file protein_1.cif (mmCIF, C-alpha atoms)
data_data
loop_
_atom_site.label_atom_id
_atom_site.label_comp_id
_atom_site.auth_asym_id
_atom_site.auth_seq_id
_atom_site.Cartn_x
_atom_site.Cartn_y
_atom_site.Cartn_z
CA MET Y 39 -39.30 -1.88 -15.50
CA THR Y 40 -41.40 -1.63 -18.66
CA GLY Y 41 -45.16 -2.13 -18.64
CA VAL Y 42 -46.82 -5.50 -19.11
CA VAL Y 43 -46.77 -6.40 -22.82
CA ASP Y 44 -48.44 -9.16 -24.80
CA TYR Y 45 -46.66 -12.46 -25.33
CA PRO Y 46 -45.75 -14.19 -27.66
CA PHE Y 47 -43.82 -11.30 -29.16
CA ALA Y 48 -44.20 -10.40 -32.81
CA GLU Y 49 -41.32 -11.83 -34.82
CA GLU Y 50 -39.48 -9.67 -37.33
CA ALA Y 51 -39.25 -12.68 -39.66
CA PRO Y 52 -40.06 -16.39 -39.39
CA MET Y 53 -37.21 -18.51 -38.01
CA ARG Y 54 -35.55 -15.47 -36.49
CA CYS Y 55 -35.47 -15.16 -32.71
CA PRO Y 56 -37.44 -12.06 -31.64
CA ALA Y 57 -35.14 -9.12 -30.87
CA GLU Y 58 -37.23 -8.45 -27.76
CA PHE Y 59 -35.61 -11.48 -26.10
CA ALA Y 60 -32.15 -9.97 -26.50
CA ARG Y 61 -33.36 -6.60 -25.22
CA ARG Y 62 -34.89 -8.21 -22.14
CA GLN Y 63 -31.79 -10.27 -21.48
CA GLU Y 64 -29.89 -7.00 -21.18
CA GLU Y 65 -32.45 -4.75 -19.51
CA GLU Y 66 -35.18 -6.88 -17.92
CA PRO Y 67 -34.22 -10.56 -17.74
CA VAL Y 68 -37.24 -11.38 -15.54
CA GLY Y 69 -40.23 -9.21 -16.43
CA ARG Y 70 -44.01 -9.26 -16.69
CA VAL Y 71 -46.00 -10.25 -19.79
CA HIS Y 72 -49.65 -10.92 -20.64
CA LEU Y 73 -50.34 -14.25 -22.35
CA ALA Y 74 -52.79 -14.98 -25.15
CA THR Y 75 -54.56 -17.39 -22.77
CA GLY Y 76 -55.38 -14.51 -20.42
CA GLU Y 77 -52.86 -14.92 -17.61
CA ASP Y 78 -50.14 -12.52 -16.55
CA ALA Y 79 -46.77 -14.18 -15.98
CA TRP Y 80 -43.12 -13.54 -15.34
CA LEU Y 81 -41.01 -14.09 -18.46
CA VAL Y 82 -37.47 -15.41 -17.90
CA THR Y 83 -35.08 -14.92 -20.81
CA ARG Y 84 -31.47 -15.62 -19.72
CA TYR Y 85 -29.99 -19.07 -20.22
CA ALA Y 86 -28.64 -19.43 -16.67
CA ASP Y 87 -31.91 -18.28 -15.07
CA ILE Y 88 -33.96 -20.66 -17.21
CA ARG Y 89 -31.77 -23.65 -16.28
CA THR Y 90 -32.05 -22.72 -12.59
CA LEU Y 91 -35.82 -22.34 -12.81
CA LEU Y 92 -36.34 -25.70 -14.54
CA ALA Y 93 -34.46 -27.51 -11.77
CA ASP Y 94 -36.12 -25.60 -8.88
CA SER Y 95 -38.50 -27.75 -6.83
CA ARG Y 96 -40.34 -24.63 -5.64
CA PHE Y 97 -42.03 -24.47 -9.05
CA ARG Y 98 -44.59 -26.89 -10.49
CA PRO Y 99 -45.11 -27.44 -14.23
CA TRP Y 100 -47.96 -25.42 -15.68
CA ILE Y 101 -49.47 -25.13 -19.15
CA PRO Y 102 -50.98 -21.71 -19.96
CA GLY Y 103 -54.75 -21.89 -19.97
CA MET Y 104 -54.80 -25.13 -17.96
CA PRO Y 105 -55.39 -25.88 -14.24
CA THR Y 106 -52.44 -25.28 -11.93
CA ASP Y 107 -52.83 -28.36 -9.72
CA GLY Y 108 -50.90 -30.74 -11.98
CA SER Y 109 -54.07 -32.72 -12.69
CA GLY Y 110 -54.59 -34.77 -15.81
CA GLY Y 111 -52.05 -37.53 -15.18
CA LEU Y 112 -49.65 -36.47 -17.94
CA LEU Y 113 -45.97 -36.85 -17.23
CA PHE Y 114 -45.16 -33.28 -18.29
CA THR Y 115 -47.77 -31.74 -15.94
CA MET Y 116 -46.79 -33.72 -12.84
CA SER Y 117 -44.22 -32.94 -10.18
CA GLY Y 118 -42.81 -34.23 -6.91
CA PRO Y 119 -42.43 -37.84 -5.77
CA GLU Y 120 -45.17 -39.23 -8.05
CA HIS Y 121 -43.53 -37.70 -11.11
CA ALA Y 122 -40.08 -38.91 -10.02
CA ARG Y 123 -41.41 -42.45 -9.57
CA LEU Y 124 -43.00 -42.57 -13.04
CA ARG Y 125 -39.87 -41.19 -14.70
CA ARG Y 126 -37.62 -43.57 -12.78
CA ILE Y 127 -39.55 -46.64 -13.92
CA ALA Y 128 -40.20 -45.36 -17.46
CA ALA Y 129 -36.47 -44.73 -17.90
CA LYS Y 130 -35.89 -48.44 -17.28
CA ALA Y 131 -37.95 -49.14 -20.42
CA LEU Y 132 -37.02 -46.25 -22.73
CA THR Y 133 -33.30 -46.93 -22.60
CA PRO Y 134 -30.60 -45.88 -25.09
CA ARG Y 135 -30.28 -49.58 -25.96
CA ARG Y 136 -33.98 -49.80 -26.93
CA VAL Y 137 -33.59 -46.70 -29.08
CA GLU Y 138 -30.45 -48.10 -30.71
CA LEU Y 139 -32.28 -51.34 -31.51
CA LEU Y 140 -34.90 -49.24 -33.27
CA ARG Y 141 -32.29 -47.52 -35.47
CA PRO Y 142 -32.38 -49.96 -38.44
CA ARG Y 143 -36.17 -49.69 -38.66
CA VAL Y 144 -36.10 -45.88 -38.38
CA GLU Y 145 -33.49 -45.73 -41.15
CA GLU Y 146 -35.62 -48.06 -43.29
CA LEU Y 147 -38.73 -45.95 -42.72
CA ALA Y 148 -36.90 -42.73 -43.55
CA GLU Y 149 -35.45 -44.13 -46.74
CA GLU Y 150 -38.83 -45.50 -47.84
CA LEU Y 151 -40.64 -42.24 -47.13
CA ALA Y 152 -37.91 -40.15 -48.79
CA ALA Y 153 -38.05 -42.31 -51.93
CA LYS Y 154 -41.84 -42.09 -51.98
CA LEU Y 155 -41.70 -38.31 -51.61
CA ILE Y 156 -39.17 -37.82 -54.41
CA ALA Y 157 -41.06 -40.22 -56.69
CA GLN Y 158 -44.01 -37.81 -56.64
CA GLY Y 159 -41.91 -35.32 -58.58
CA PRO Y 160 -41.32 -31.70 -57.62
CA PRO Y 161 -42.62 -29.72 -55.95
CA VAL Y 162 -43.42 -31.80 -52.87
CA ASP Y 163 -44.32 -30.83 -49.32
CA VAL Y 164 -41.77 -32.10 -46.81
CA LEU Y 165 -44.04 -31.52 -43.81
CA ALA Y 166 -47.12 -33.47 -44.92
CA GLY Y 167 -45.31 -35.94 -47.16
CA TYR Y 168 -42.29 -36.78 -45.04
CA ALA Y 169 -41.90 -35.23 -41.58
CA ILE Y 170 -45.36 -36.06 -40.23
CA PRO Y 171 -45.49 -39.63 -41.63
CA LEU Y 172 -42.00 -40.33 -40.28
CA ALA Y 173 -42.82 -39.08 -36.79
CA LEU Y 174 -46.02 -41.11 -36.66
CA SER Y 175 -44.39 -44.22 -38.11
CA VAL Y 176 -41.61 -44.09 -35.51
CA LEU Y 177 -44.17 -43.81 -32.70
CA VAL Y 178 -46.11 -46.77 -34.07
CA GLU Y 179 -42.93 -48.86 -34.17
CA LEU Y 180 -41.88 -47.72 -30.70
CA LEU Y 181 -45.19 -48.43 -28.99
CA GLY Y 182 -46.10 -51.55 -30.93
CA VAL Y 183 -49.30 -50.13 -32.43
CA PRO Y 184 -50.81 -52.33 -35.19
CA SER Y 185 -50.51 -50.73 -38.62
CA THR Y 186 -54.28 -51.12 -39.07
CA ALA Y 187 -54.80 -48.48 -36.37
CA LEU Y 188 -52.51 -45.90 -37.99
CA ASP Y 189 -55.21 -43.75 -39.59
CA ASP Y 190 -57.40 -43.66 -36.47
CA LEU Y 191 -54.37 -42.88 -34.32
CA GLN Y 192 -53.41 -39.91 -36.47
CA THR Y 193 -56.99 -38.61 -36.49
CA TRP Y 194 -57.20 -38.74 -32.71
CA ILE Y 195 -53.81 -37.15 -32.11
CA ASP Y 196 -54.55 -34.39 -34.63
CA GLY Y 197 -57.84 -33.82 -32.79
CA VAL Y 198 -56.24 -33.66 -29.35
CA LEU Y 199 -53.54 -31.24 -30.49
CA ALA Y 200 -55.81 -29.22 -32.83
CA VAL Y 201 -52.89 -29.29 -35.27
CA PHE Y 202 -54.74 -28.36 -38.43
CA THR Y 203 -57.87 -26.67 -37.07
CA ALA Y 204 -58.83 -23.90 -34.69
CA PRO Y 205 -59.04 -25.33 -31.15
CA SER Y 206 -62.47 -26.62 -30.13
CA TYR Y 207 -62.13 -27.87 -26.59
CA ASP Y 208 -65.16 -30.16 -26.85
CA GLU Y 209 -63.69 -31.81 -29.97
CA MET Y 210 -60.24 -32.00 -28.37
CA ALA Y 211 -61.73 -33.67 -25.27
CA GLU Y 212 -63.63 -36.16 -27.43
CA ALA Y 213 -60.50 -37.04 -29.39
CA ALA Y 214 -58.53 -37.42 -26.15
CA GLN Y 215 -61.18 -39.77 -24.78
CA LYS Y 216 -61.08 -41.94 -27.90
CA LEU Y 217 -57.28 -42.00 -27.95
CA GLY Y 218 -57.08 -42.81 -24.25
CA GLY Y 219 -59.64 -45.60 -24.65
CA TYR Y 220 -57.73 -47.15 -27.53
CA LEU Y 221 -54.42 -46.98 -25.66
CA ALA Y 222 -56.00 -48.61 -22.58
CA GLU Y 223 -57.20 -51.49 -24.78
CA LEU Y 224 -53.78 -51.79 -26.41
CA VAL Y 225 -52.03 -51.89 -23.01
CA GLU Y 226 -54.40 -54.64 -21.91
CA THR Y 227 -53.56 -56.59 -25.09
CA LYS Y 228 -49.83 -56.22 -24.34
CA ARG Y 229 -50.37 -57.56 -20.83
CA HIS Y 230 -51.62 -60.86 -22.26
CA ALA Y 231 -49.50 -60.93 -25.44
CA PRO Y 232 -46.17 -59.17 -24.75
CA GLY Y 233 -44.15 -57.87 -27.65
CA ASN Y 234 -40.77 -56.29 -28.30
CA ASP Y 235 -42.04 -52.73 -27.89
CA LEU Y 236 -42.09 -49.87 -25.40
CA LEU Y 237 -45.56 -50.62 -24.03
CA THR Y 238 -44.44 -54.12 -23.12
CA GLY Y 239 -41.24 -52.68 -21.69
CA LEU Y 240 -43.21 -50.24 -19.53
CA LEU Y 241 -45.42 -53.05 -18.23
CA GLN Y 242 -42.36 -55.15 -17.38
CA ALA Y 243 -40.11 -52.40 -16.03
CA ARG Y 244 -39.14 -52.39 -12.35
CA ASP Y 245 -37.08 -49.86 -10.45
CA ASP Y 246 -34.39 -50.88 -7.97
CA SER Y 247 -37.00 -51.45 -5.26
CA GLY Y 248 -39.09 -53.70 -7.50
CA ASP Y 249 -41.84 -51.11 -7.96
CA ALA Y 250 -43.79 -51.40 -11.22
CA LEU Y 251 -46.32 -49.35 -13.16
CA ASN Y 252 -49.97 -50.34 -13.25
CA PRO Y 253 -51.83 -50.50 -16.60
CA GLU Y 254 -53.45 -47.09 -16.09
CA GLU Y 255 -50.05 -45.49 -15.55
CA VAL Y 256 -48.68 -47.19 -18.66
CA THR Y 257 -51.65 -45.84 -20.61
CA GLN Y 258 -50.96 -42.33 -19.31
CA LEU Y 259 -47.31 -42.59 -20.29
CA ALA Y 260 -48.22 -43.84 -23.77
CA PHE Y 261 -50.53 -40.84 -24.15
CA ALA Y 262 -47.72 -38.50 -23.10
CA PHE Y 263 -45.24 -40.11 -25.53
CA LEU Y 264 -47.70 -39.65 -28.40
CA MET Y 265 -48.27 -35.98 -27.55
CA ALA Y 266 -44.57 -35.20 -27.24
CA GLY Y 267 -43.36 -37.47 -30.02
CA TYR Y 268 -45.61 -36.39 -32.88
CA VAL Y 269 -45.88 -32.67 -33.67
CA PRO Y 270 -42.61 -31.38 -32.10
CA PRO Y 271 -40.31 -33.85 -33.93
CA ALA Y 272 -42.23 -33.43 -37.19
CA ASN Y 273 -42.05 -29.66 -36.86
CA ALA Y 274 -38.33 -29.84 -36.04
CA LEU Y 275 -37.58 -32.01 -39.08
CA ALA Y 276 -39.59 -29.73 -41.38
CA LEU Y 277 -37.75 -26.68 -40.02
CA ALA Y 278 -34.37 -28.40 -40.43
CA VAL Y 279 -35.12 -29.19 -44.06
CA LEU Y 280 -36.41 -25.65 -44.55
CA ARG Y 281 -33.12 -24.25 -43.22
CA LEU Y 282 -31.17 -26.46 -45.60
CA ALA Y 283 -33.41 -25.66 -48.56
CA ALA Y 284 -33.18 -21.93 -47.93
CA ASP Y 285 -29.43 -21.82 -47.25
CA PRO Y 286 -27.22 -23.60 -49.79
CA GLU Y 287 -24.15 -22.76 -47.67
CA LEU Y 288 -25.12 -25.19 -44.90
CA PRO Y 289 -23.18 -28.49 -45.06
CA ARG Y 290 -25.03 -31.49 -46.49
CA ASP Y 291 -22.51 -34.30 -46.09
CA PRO Y 292 -23.55 -37.18 -43.79
CA ALA Y 293 -20.60 -36.63 -41.43
CA SER Y 294 -21.82 -33.11 -40.62
CA VAL Y 295 -25.43 -34.07 -39.95
CA PRO Y 296 -25.19 -34.82 -36.17
CA ALA Y 297 -23.58 -31.44 -35.35
CA LEU Y 298 -25.84 -29.65 -37.83
CA VAL Y 299 -28.96 -31.17 -36.25
CA GLU Y 300 -27.85 -29.99 -32.79
CA GLU Y 301 -27.41 -26.44 -34.04
CA LEU Y 302 -30.75 -26.50 -35.85
CA LEU Y 303 -32.40 -27.85 -32.69
CA ARG Y 304 -30.92 -24.93 -30.81
CA GLN Y 305 -31.97 -22.46 -33.49
CA ASP Y 306 -35.55 -23.48 -34.11
CA HIS Y 307 -37.03 -26.36 -32.15
CA GLY Y 308 -36.97 -24.53 -28.81
CA SER Y 309 -39.59 -22.11 -30.13
CA ALA Y 310 -42.05 -24.95 -29.73
CA ALA Y 311 -41.36 -25.49 -26.06
CA ASP Y 312 -41.92 -22.57 -23.75
CA GLN Y 313 -41.77 -24.08 -20.28
CA GLY Y 314 -44.45 -22.88 -17.88
CA ARG Y 315 -44.16 -23.04 -14.11
CA VAL Y 316 -46.27 -21.92 -11.16
CA ALA Y 317 -44.62 -21.08 -7.84
CA ILE Y 318 -45.80 -23.34 -5.03
CA GLU Y 319 -44.03 -21.18 -2.46
CA ASP Y 320 -42.36 -17.79 -2.39
CA ALA Y 321 -39.13 -17.95 -4.38
CA ASP Y 322 -36.94 -15.85 -6.62
CA VAL Y 323 -35.59 -16.13 -10.16
CA GLY Y 324 -32.64 -14.07 -11.28
CA GLY Y 325 -32.91 -11.99 -8.11
CA VAL Y 326 -36.60 -11.15 -8.74
CA PRO Y 327 -39.05 -12.21 -6.00
CA ILE Y 328 -41.80 -14.55 -7.21
CA ARG Y 329 -44.81 -15.07 -4.94
CA ALA Y 330 -46.55 -18.40 -4.43
CA GLY Y 331 -49.25 -18.85 -7.06
CA GLU Y 332 -47.60 -16.63 -9.66
CA PHE Y 333 -46.90 -17.94 -13.15
CA VAL Y 334 -43.48 -18.05 -14.78
CA LEU Y 335 -42.76 -18.71 -18.44
CA ALA Y 336 -39.33 -19.79 -19.70
CA PRO Y 337 -39.01 -19.60 -23.50
CA LEU Y 338 -36.31 -22.12 -24.30
CA ARG Y 339 -35.59 -20.35 -27.56
CA ALA Y 340 -34.58 -17.25 -25.61
CA GLY Y 341 -32.11 -19.29 -23.56
CA ASN Y 342 -30.82 -20.95 -26.71
CA HIS Y 343 -30.14 -17.49 -28.18
CA ASP Y 344 -28.53 -15.95 -25.09
CA ALA Y 345 -25.20 -14.56 -26.28
CA ARG Y 346 -23.77 -15.09 -22.78
CA ARG Y 347 -23.92 -18.85 -23.40
CA PHE Y 348 -23.89 -19.01 -27.22
CA PRO Y 349 -21.78 -16.22 -28.81
CA GLU Y 350 -23.29 -14.98 -32.09
CA PRO Y 351 -26.37 -17.12 -31.46
CA ALA Y 352 -27.96 -16.48 -34.86
CA LEU Y 353 -25.10 -18.30 -36.60
CA VAL Y 354 -25.21 -22.04 -37.27
CA ASP Y 355 -21.88 -23.10 -35.78
CA LEU Y 356 -21.05 -26.78 -36.26
CA ALA Y 357 -18.22 -26.58 -33.74
CA ARG Y 358 -20.63 -25.93 -30.88
CA GLY Y 359 -23.01 -28.60 -32.19
CA GLN Y 360 -20.39 -31.29 -31.60
CA GLY Y 361 -19.90 -33.36 -28.48
CA HIS Y 362 -22.45 -32.71 -25.76
CA PRO Y 363 -24.19 -29.41 -26.56
CA ARG Y 364 -25.87 -27.67 -23.65
CA HIS Y 365 -28.83 -26.17 -25.47
CA LEU Y 366 -32.19 -26.17 -23.71
CA THR Y 367 -34.33 -27.64 -26.45
CA PHE Y 368 -35.02 -30.84 -24.53
CA GLY Y 369 -35.47 -29.00 -21.25
CA HIS Y 370 -33.47 -29.39 -18.06
CA GLY Y 371 -33.89 -30.85 -14.61
CA PRO Y 372 -36.67 -33.27 -13.57
CA HIS Y 373 -38.61 -32.68 -16.79
CA HIS Y 374 -35.73 -33.14 -19.24
CA CYS Y 375 -37.27 -34.93 -22.24
CA LEU Y 376 -37.27 -38.70 -21.78
CA GLY Y 377 -37.38 -39.13 -25.54
CA ALA Y 378 -34.40 -36.91 -26.38
CA THR Y 379 -32.29 -39.83 -27.63
CA LEU Y 380 -35.11 -41.02 -29.89
CA ALA Y 381 -35.77 -37.48 -31.17
CA ARG Y 382 -32.11 -37.09 -32.10
CA LEU Y 383 -32.12 -40.42 -33.92
CA GLN Y 384 -35.25 -39.47 -35.83
CA LEU Y 385 -33.97 -36.03 -36.84
CA ARG Y 386 -30.50 -37.19 -37.86
CA THR Y 387 -31.91 -40.12 -39.81
CA GLY Y 388 -34.64 -38.00 -41.40
CA VAL Y 389 -32.23 -35.33 -42.60
CA THR Y 390 -29.65 -37.87 -43.82
CA ALA Y 391 -32.17 -39.93 -45.80
CA LEU Y 392 -33.75 -36.93 -47.48
CA LEU Y 393 -30.39 -35.42 -48.45
CA ALA Y 394 -29.32 -38.78 -49.88
CA ALA Y 395 -32.48 -38.86 -52.00
CA ALA Y 396 -32.32 -35.19 -53.03
CA PRO Y 397 -28.83 -33.78 -52.33
CA ARG Y 398 -29.58 -30.54 -54.20
CA LEU Y 399 -32.96 -29.90 -52.61
CA ARG Y 400 -34.08 -26.28 -52.53
CA LEU Y 401 -37.20 -24.29 -51.80
CA ALA Y 402 -39.78 -24.46 -54.56
CA VAL Y 403 -41.18 -21.02 -53.70
CA PRO Y 404 -39.63 -17.78 -52.41
CA PHE Y 405 -39.15 -17.91 -48.64
CA ASP Y 406 -41.45 -14.93 -48.04
CA GLU Y 407 -44.32 -16.79 -49.71
CA LEU Y 408 -44.32 -19.52 -47.07
CA GLU Y 409 -47.30 -19.59 -44.72
CA TRP Y 410 -46.94 -20.08 -40.99
CA ARG Y 411 -49.31 -21.23 -38.28
CA ARG Y 412 -49.32 -21.03 -34.52
CA MET Y 413 -50.57 -23.85 -32.32
CA PHE Y 414 -51.13 -23.63 -28.57
CA VAL Y 415 -49.48 -20.51 -27.15
CA THR Y 416 -46.04 -20.51 -28.75
CA LEU Y 417 -45.67 -23.48 -31.13
CA GLN Y 418 -45.05 -22.06 -34.58
CA GLY Y 419 -44.28 -23.91 -37.75
CA PRO Y 420 -44.67 -23.75 -41.52
CA VAL Y 421 -47.99 -24.77 -43.06
CA ALA Y 422 -45.96 -26.50 -45.77
CA VAL Y 423 -42.33 -26.83 -46.86
CA PRO Y 424 -42.42 -27.18 -50.67
CA ILE Y 425 -39.11 -28.29 -52.14
CA ASP Y 426 -37.65 -28.81 -55.60
CA TRP Y 427 -34.32 -30.45 -56.55
#
call {"tool": "encode", "arguments": {"input": "protein_1.cif", "output": "structure tokens"}}
result
Amino acid sequence: MTGVVDYPFAEEAPMRCPAEFARRQEEEPVGRVHLATGEDAWLVTRYADIRTLLADSRFRPWIPGMPTDGSGGLLFTMSGPEHARLRRIAAKALTPRRVELLRPRVEELAEELAAKLIAQGPPVDVLAGYAIPLALSVLVELLGVPSTALDDLQTWIDGVLAVFTAPSYDEMAEAAQKLGGYLAELVETKRHAPGNDLLTGLLQARDDSGDALNPEEVTQLAFAFLMAGYVPPANALALAVLRLAADPELPRDPASVPALVEELLRQDHGSAADQGRVAIEDADVGGVPIRAGEFVLAPLRAGNHDARRFPEPALVDLARGQGHPRHLTFGHGPHHCLGATLARLQLRTGVTALLAAAPRLRLAVPFDELEWRRMFVTLQGPVAVPIDW
């Protein structure tokens, strides 16, 4: 076994999966690393081991640098019966039918934002001018947030996630408090004046036993949806457009977009979603003993680039993007992303609308002049995606 090394690994080039993942998959599929947040952890790199880990009840979700007791009330930090109950009831509200009903409005928003972006004249920044506004607009439509609150909502979310600034935990906590307070007020408004939105659906949802969520739980879920539904989808859309702009050989016809999006999700979006777990009892992963209390990190991008599951993983292969792809980008097991259907709709619609508005879009600067930033431990994305056409 090699010595403990720092993680995240240095990347040879942006948008290329680190070669160290492939080496570890062959030589050390479960090995020790030291995280930027100060912890030592086991790093799991093979697709099959990651899927097994994510479905193993002997491990609790954990975010590097955060407490290990699952506190905080967020859906993605909870586990066990309480988590299962919240997901079960939330799934009654965030149904494929609700997402499908949102499709016309998402398409309208994407077309409007694409036209506005192109009207500015080249070069334009896809991230700030298109991907971020689309992600936020979809969330506002989904949750039933008044348009007058849009600017405040974005300020608070940006503050919580420290998207554009160096993390200041006092400022992040203050932003979280303001956002949580606003959402609690909005939930209370929906209780007395129901609408055709997800917050109302969450308040009205019942599982098969008749159990319902209380307003505080609905507020917590709304907070979780905003955290998961803002930066990751915006980053994924910006990266998808960047791939298209940098590679004129990729297909751009509308019929190819669904399969293309799945392959681009596998290629890039998983880099934003390393899944952390802490063992709550002695267990093993990939034949390696893990003691209770030890941390485990599963980089979904590594699993998505495991040649055992995806031959020639660096290639964008539309054939494997068709049907029901088994990539790990939306997770697996009890914490599989509740919003996966909505994310797919947003990405497919976003790519389709932008290509319709600018079918010959291309990068406005050389690829190696792009700047990149890292948020949290492993979320990496471009500072801007300037395009011409």
call {"tool": "closest_residue", "arguments": {"input": "protein_1.cif", "among": "Y:Lys216, Y:Arg54, Y:His370, Y:Arg304", "to": "Arg358 of chain Y", "atoms": "all atoms listed in the file"}}
result
Y:Arg304
call {"tool": "resolve_selection", "arguments": {"input": "protein_1.cif", "expression": "the PyMOL selection byres ((chain Y and resi 155) around 12)", "output": "NGL selection string"}}
result
:Y and (148-154 or 156-169 or 171-172 or 391-392 or 395-396 or 424-427)
call {"tool": "atom_distance", "arguments": {"input": "protein_1.cif", "atom1": "atom CA of Glu301 of chain Y", "atom2": "atom CA of Val354 of chain Y"}}
result
5.9 Å
call {"tool": "closest_residue", "arguments": {"input": "protein_1.cif", "among": "Y:Val42, Y:Ala340, Y:Val295, Y:Val334", "to": "Arg61 of chain Y", "atoms": "only C-alpha atoms"}}
result
Y:Ala340
call {"tool": "atom_distance", "arguments": {"input": "protein_1.cif", "atom1": "atom CA of Gly324 of chain Y", "atom2": "atom CA of Gly341 of chain Y"}}
result
13.4 Å
call {"tool": "atom_distance", "arguments": {"input": "protein_1.cif", "atom1": "atom CA of Gln384 of chain Y", "atom2": "atom CA of Asn234 of chain Y"}}
result
19.2 Å
call {"tool": "resolve_selection", "arguments": {"input": "protein_1.cif", "expression": "the PyMOL selection byres ((chain Y and resi 63) around 12)", "output": "ChimeraX atom specification"}}
result
/Y:56-62,64-69,81-88,324,337,340-347
call {"tool": "resolve_selection", "arguments": {"input": "protein_1.cif", "expression": "the PyMOL selection byres ((chain Y and resi 175-183) around 8)", "output": "CSV table (one decimal) with C-alpha atoms, in the coordinates of the input"}}
result
chain,number,residue,atom,x,y,z
Y,140,LEU,CA,-34.9,-49.2,-33.3
Y,144,VAL,CA,-36.1,-45.9,-38.4
Y,147,LEU,CA,-38.7,-46.0,-42.7
Y,171,PRO,CA,-45.5,-39.6,-41.6
Y,172,LEU,CA,-42.0,-40.3,-40.3
Y,173,ALA,CA,-42.8,-39.1,-36.8
Y,174,LEU,CA,-46.0,-41.1,-36.7
Y,184,PRO,CA,-50.8,-52.3,-35.2
Y,185,SER,CA,-50.5,-50.7,-38.6
Y,187,ALA,CA,-54.8,-48.5,-36.4
Y,188,LEU,CA,-52.5,-45.9,-38.0
Y,224,LEU,CA,-53.8,-51.8,-26.4
Y,233,GLY,CA,-44.2,-57.9,-27.6
Y,234,ASN,CA,-40.8,-56.3,-28.3
Y,235,ASP,CA,-42.0,-52.7,-27.9
Y,236,LEU,CA,-42.1,-49.9,-25.4
Y,237,LEU,CA,-45.6,-50.6,-24.0
Y,260,ALA,CA,-48.2,-43.8,-23.8
Y,264,LEU,CA,-47.7,-39.6,-28.4
Y,267,GLY,CA,-43.4,-37.5,-30.0
Y,268,TYR,CA,-45.6,-36.4,-32.9
Y,384,GLN,CA,-35.2,-39.5,-35.8
call {"tool": "closest_residue", "arguments": {"input": "protein_1.cif", "among": "Y:Ser206, Y:Thr193, Y:Thr257, Y:Ser294", "to": "Leu240 of chain Y", "atoms": "all atoms listed in the file"}}
result
Y:Thr257
call {"tool": "closest_residue", "arguments": {"input": "protein_1.cif", "among": "Y:Ala357, Y:Ala394, Y:Leu221, Y:Ala213", "to": "Phe261 of chain Y", "atoms": "only C-alpha atoms"}}
result
Y:Leu221
call {"tool": "residues_around", "arguments": {"input": "protein_1.cif", "residues": "segment 129-136 of chain Y", "least_positions_apart": "2", "cutoff": "8 Å", "atoms": "all atoms listed in the file", "output": "PDB file with C-alpha atoms, in the coordinates of the input"}}
result
ATOM      1  CA  ARG Y 125     -39.870 -41.190 -14.700  1.00  0.00           C
ATOM      2  CA  ARG Y 126     -37.620 -43.570 -12.780  1.00  0.00           C
ATOM      3  CA  ILE Y 127     -39.550 -46.640 -13.920  1.00  0.00           C
ATOM      4  CA  GLU Y 138     -30.450 -48.100 -30.710  1.00  0.00           C
ATOM      5  CA  LEU Y 139     -32.280 -51.340 -31.510  1.00  0.00           C
ATOM      6  CA  LEU Y 140     -34.900 -49.240 -33.270  1.00  0.00           C
ATOM      7  CA  LEU Y 236     -42.090 -49.870 -25.400  1.00  0.00           C
ATOM      8  CA  GLY Y 239     -41.240 -52.680 -21.690  1.00  0.00           C
ATOM      9  CA  LEU Y 240     -43.210 -50.240 -19.530  1.00  0.00           C
ATOM     10  CA  ALA Y 243     -40.110 -52.400 -16.030  1.00  0.00           C
ATOM     11  CA  ARG Y 244     -39.140 -52.390 -12.350  1.00  0.00           C
ATOM     12  CA  ASP Y 245     -37.080 -49.860 -10.450  1.00  0.00           C
ATOM     13  CA  LEU Y 376     -37.270 -38.700 -21.780  1.00  0.00           C
ATOM     14  CA  GLY Y 377     -37.380 -39.130 -25.540  1.00  0.00           C
ATOM     15  CA  THR Y 379     -32.290 -39.830 -27.630  1.00  0.00           C
TER      16      THR Y 379
END
call {"tool": "build_atoms", "arguments": {"input": "protein_1.cif", "residues": "segment 259-265 of chain Y", "atoms": "N, CA and C atoms", "output": "PDB file, in the frame of the given file"}}
result
ATOM      1  N   LEU Y 259     -48.626 -42.832 -19.711  1.00  0.00           N
ATOM      2  CA  LEU Y 259     -47.310 -42.590 -20.290  1.00  0.00           C
ATOM      3  C   LEU Y 259     -47.357 -42.703 -21.815  1.00  0.00           C
ATOM      4  N   ALA Y 260     -48.087 -43.695 -22.323  1.00  0.00           N
ATOM      5  CA  ALA Y 260     -48.220 -43.840 -23.770  1.00  0.00           C
ATOM      6  C   ALA Y 260     -48.863 -42.599 -24.373  1.00  0.00           C
ATOM      7  N   PHE Y 261     -49.871 -42.068 -23.699  1.00  0.00           N
ATOM      8  CA  PHE Y 261     -50.530 -40.840 -24.150  1.00  0.00           C
ATOM      9  C   PHE Y 261     -49.520 -39.693 -24.204  1.00  0.00           C
ATOM     10  N   ALA Y 262     -48.719 -39.575 -23.155  1.00  0.00           N
ATOM     11  CA  ALA Y 262     -47.720 -38.500 -23.100  1.00  0.00           C
ATOM     12  C   ALA Y 262     -46.682 -38.659 -24.205  1.00  0.00           C
ATOM     13  N   PHE Y 263     -46.231 -39.886 -24.464  1.00  0.00           N
ATOM     14  CA  PHE Y 263     -45.240 -40.110 -25.530  1.00  0.00           C
ATOM     15  C   PHE Y 263     -45.811 -39.712 -26.889  1.00  0.00           C
ATOM     16  N   LEU Y 264     -47.091 -40.011 -27.124  1.00  0.00           N
ATOM     17  CA  LEU Y 264     -47.700 -39.650 -28.400  1.00  0.00           C
ATOM     18  C   LEU Y 264     -47.798 -38.130 -28.550  1.00  0.00           C
ATOM     19  N   MET Y 265     -48.150 -37.434 -27.476  1.00  0.00           N
ATOM     20  CA  MET Y 265     -48.270 -35.980 -27.550  1.00  0.00           C
ATOM     21  C   MET Y 265     -46.913 -35.328 -27.814  1.00  0.00           C
TER      22      MET Y 265
END
